[in-house]
Amino acid sequence: MVSSKEDPFTLGKGSVLREGFDITIIAAGIMVSKALEAAENLSAKGVQARVINFSTIKPLDSQLIIESAQSTGLIVTAEEHSIIGGLGSAVAEVLGENCPVPLKRIGIEDVFGESGPPDLLLDRYSLTSVNIEKAVLELLNKKK
């Protein structure tokens, strides 16, 4: 299933933007484009990553998270937000209670934020497609 501009927005539902069977990348906001870029780069390395856009975190599409965890066995979350109390934490709670699998959260660590140009800040806080790729490869290597 691949979403398109014709798919309606549904509150509380994630959208699978790219199918994959090796790992799932769950992203929100501007990190969705970074996740798609990472998935494309990973594809060239033989890794098929499912990419899911979570437009809403509350309510959370727990069923899609569980289905993806069961299907791929590994999850990376990517958000332009603190890893504490955001998408990564919400996904971790769902996985912990329903389908524990390895998880890596890409987001802002527990630090005070800074101001600056968006691209500079994304690099500063490691919110890039390269960092998503690294997290994916790290989890895949641990799985072996």
# chains A, B, ... in the order shown; residues from 1 in each chain; ligands from 1

call {"tool": "residues_around", "arguments": {"residues": "Leu36 of chain A", "least_positions_apart": "4", "cutoff": "9 Å", "atoms": "only C-alpha atoms", "output": "PDB file with C-alpha atoms, in the first residue's frame"}}
result
ATOM      1  CA  LEU A  17       4.145   5.663   2.220  1.00  0.00           C
ATOM      2  CA  ARG A  18       6.531   2.899   1.227  1.00  0.00           C
ATOM      3  CA  ILE A  25      10.668   3.766   9.849  1.00  0.00           C
ATOM      4  CA  MET A  31      11.147  14.009   9.215  1.00  0.00           C
ATOM      5  CA  VAL A  32       8.856  12.110   6.842  1.00  0.00           C
ATOM      6  CA  GLU A  40      15.660   5.270  -0.944  1.00  0.00           C
ATOM      7  CA  ASN A  41      19.365   5.287  -0.021  1.00  0.00           C
ATOM      8  CA  ALA A  49      12.410  -0.132   4.642  1.00  0.00           C
ATOM      9  CA  VAL A  51       8.030   4.128   5.829  1.00  0.00           C
ATOM     10  CA  SER A 129      18.391  11.092   6.491  1.00  0.00           C
TER      11      SER A 129
END

call {"tool": "residues_around", "arguments": {"residues": "Glu133 of chain A", "least_positions_apart": "3", "cutoff": "7 Å", "atoms": "only C-alpha atoms", "output": "list of chain:residue names"}}
result
A:Ala38, A:Leu42, A:Ser129, A:Val130, A:Val136, A:Leu137

call {"tool": "atom_distance", "arguments": {"atom1": "atom CA of Leu11 of chain A", "atom2": "atom CA of Asp119 of chain A"}}
result
29.0 Å

call {"tool": "select_by_dssp", "arguments": {"residues": "chain A", "states": "helix (DSSP H, G or I)", "output": "PyMOL selection string"}}
result
chain A and resi 31-43+62-72+87-98+118-124+129-143

call {"tool": "residues_around", "arguments": {"residues": "segment 64-67 of chain A", "least_positions_apart": "2", "cutoff": "12 Å", "atoms": "only C-alpha atoms", "output": "ChimeraX atom specification"}}
result
/A:12-16,21,23-27,50-54,57,60-62,69-77,87-88,90-101,103

call {"tool": "closest_residue", "arguments": {"among": "A:Leu139, A:Ala44, A:Val111, A:Ile106", "to": "Ser126 of chain A", "atoms": "only C-alpha atoms"}}
result
A:Ile106

call {"tool": "atom_distance", "arguments": {"atom1": "atom CA of Leu122 of chain A", "atom2": "atom CA of Glu19 of chain A"}}
result
25.9 Å

call {"tool": "closest_residue", "arguments": {"among": "A:Arg105, A:Lys58, A:Lys34, A:His81", "to": "Glu138 of chain A", "atoms": "only C-alpha atoms"}}
result
A:Arg105

call {"tool": "decode", "arguments": {"residues": "segment 9-33 of chain A", "atoms": "N, CA and C atoms", "output": "PDB file, in the first residue's frame"}}
result
ATOM      1  N   PHE A   9      -6.925  12.386   4.716  1.00  0.00           N
ATOM      2  CA  PHE A   9      -6.362  12.430   6.056  1.00  0.00           C
ATOM      3  C   PHE A   9      -7.402  11.889   7.024  1.00  0.00           C
ATOM      4  N   THR A  10      -6.983  10.979   7.879  1.00  0.00           N
ATOM      5  CA  THR A  10      -7.878  10.433   8.892  1.00  0.00           C
ATOM      6  C   THR A  10      -7.210  10.597  10.248  1.00  0.00           C
ATOM      7  N   LEU A  11      -7.861  11.320  11.130  1.00  0.00           N
ATOM      8  CA  LEU A  11      -7.339  11.549  12.471  1.00  0.00           C
ATOM      9  C   LEU A  11      -7.032  10.214  13.144  1.00  0.00           C
ATOM     10  N   GLY A  12      -5.819  10.077  13.652  1.00  0.00           N
ATOM     11  CA  GLY A  12      -5.448   8.875  14.387  1.00  0.00           C
ATOM     12  C   GLY A  12      -4.998   7.710  13.524  1.00  0.00           C
ATOM     13  N   LYS A  13      -4.813   7.920  12.232  1.00  0.00           N
ATOM     14  CA  LYS A  13      -4.380   6.846  11.338  1.00  0.00           C
ATOM     15  C   LYS A  13      -3.064   7.206  10.677  1.00  0.00           C
ATOM     16  N   GLY A  14      -2.120   6.280  10.735  1.00  0.00           N
ATOM     17  CA  GLY A  14      -0.864   6.450  10.023  1.00  0.00           C
ATOM     18  C   GLY A  14      -1.040   6.054   8.570  1.00  0.00           C
ATOM     19  N   SER A  15      -0.130   6.549   7.717  1.00  0.00           N
ATOM     20  CA  SER A  15      -0.175   6.220   6.291  1.00  0.00           C
ATOM     21  C   SER A  15       1.126   5.538   5.890  1.00  0.00           C
ATOM     22  N   VAL A  16       1.001   4.350   5.307  1.00  0.00           N
ATOM     23  CA  VAL A  16       2.178   3.663   4.783  1.00  0.00           C
ATOM     24  C   VAL A  16       2.531   4.329   3.456  1.00  0.00           C
ATOM     25  N   LEU A  17       3.701   4.961   3.421  1.00  0.00           N
ATOM     26  CA  LEU A  17       4.145   5.663   2.220  1.00  0.00           C
ATOM     27  C   LEU A  17       5.023   4.789   1.338  1.00  0.00           C
ATOM     28  N   ARG A  18       5.636   3.795   1.965  1.00  0.00           N
ATOM     29  CA  ARG A  18       6.531   2.899   1.227  1.00  0.00           C
ATOM     30  C   ARG A  18       6.523   1.555   1.933  1.00  0.00           C
ATOM     31  N   GLU A  19       6.355   0.499   1.160  1.00  0.00           N
ATOM     32  CA  GLU A  19       6.382  -0.844   1.730  1.00  0.00           C
ATOM     33  C   GLU A  19       7.818  -1.324   1.862  1.00  0.00           C
ATOM     34  N   GLY A  20       8.041  -2.172   2.823  1.00  0.00           N
ATOM     35  CA  GLY A  20       9.344  -2.776   3.031  1.00  0.00           C
ATOM     36  C   GLY A  20       9.196  -3.911   4.016  1.00  0.00           C
ATOM     37  N   PHE A  21      10.180  -4.796   4.061  1.00  0.00           N
ATOM     38  CA  PHE A  21      10.067  -5.966   4.925  1.00  0.00           C
ATOM     39  C   PHE A  21      11.241  -6.129   5.884  1.00  0.00           C
ATOM     40  N   ASP A  22      12.289  -5.304   5.750  1.00  0.00           N
ATOM     41  CA  ASP A  22      13.458  -5.435   6.620  1.00  0.00           C
ATOM     42  C   ASP A  22      13.326  -4.650   7.920  1.00  0.00           C
ATOM     43  N   ILE A  23      12.726  -3.480   7.858  1.00  0.00           N
ATOM     44  CA  ILE A  23      12.629  -2.578   8.999  1.00  0.00           C
ATOM     45  C   ILE A  23      11.519  -1.576   8.721  1.00  0.00           C
ATOM     46  N   THR A  24      10.963  -0.995   9.785  1.00  0.00           N
ATOM     47  CA  THR A  24       9.946   0.047   9.643  1.00  0.00           C
ATOM     48  C   THR A  24      10.503   1.356  10.175  1.00  0.00           C
ATOM     49  N   ILE A  25      10.333   2.415   9.397  1.00  0.00           N
ATOM     50  CA  ILE A  25      10.668   3.766   9.849  1.00  0.00           C
ATOM     51  C   ILE A  25       9.349   4.507  10.021  1.00  0.00           C
ATOM     52  N   ILE A  26       9.088   4.949  11.247  1.00  0.00           N
ATOM     53  CA  ILE A  26       7.882   5.710  11.552  1.00  0.00           C
ATOM     54  C   ILE A  26       8.311   7.158  11.767  1.00  0.00           C
ATOM     55  N   ALA A  27       7.753   8.071  10.984  1.00  0.00           N
ATOM     56  CA  ALA A  27       8.183   9.463  11.046  1.00  0.00           C
ATOM     57  C   ALA A  27       6.993  10.402  11.160  1.00  0.00           C
ATOM     58  N   ALA A  28       7.309  11.610  11.637  1.00  0.00           N
ATOM     59  CA  ALA A  28       6.288  12.655  11.760  1.00  0.00           C
ATOM     60  C   ALA A  28       6.862  13.976  11.275  1.00  0.00           C
ATOM     61  N   GLY A  29       5.976  14.815  10.733  1.00  0.00           N
ATOM     62  CA  GLY A  29       6.372  16.160  10.328  1.00  0.00           C
ATOM     63  C   GLY A  29       7.410  16.174   9.231  1.00  0.00           C
ATOM     64  N   ILE A  30       8.364  17.099   9.363  1.00  0.00           N
ATOM     65  CA  ILE A  30       9.376  17.245   8.315  1.00  0.00           C
ATOM     66  C   ILE A  30      10.301  16.041   8.229  1.00  0.00           C
ATOM     67  N   MET A  31      10.287  15.189   9.238  1.00  0.00           N
ATOM     68  CA  MET A  31      11.147  14.009   9.215  1.00  0.00           C
ATOM     69  C   MET A  31      10.628  12.934   8.265  1.00  0.00           C
ATOM     70  N   VAL A  32       9.402  13.080   7.798  1.00  0.00           N
ATOM     71  CA  VAL A  32       8.856  12.110   6.842  1.00  0.00           C
ATOM     72  C   VAL A  32       9.674  12.135   5.551  1.00  0.00           C
ATOM     73  N   SER A  33       9.986  13.315   5.060  1.00  0.00           N
ATOM     74  CA  SER A  33      10.787  13.397   3.827  1.00  0.00           C
ATOM     75  C   SER A  33      12.189  12.855   4.060  1.00  0.00           C
TER      76      SER A  33
END
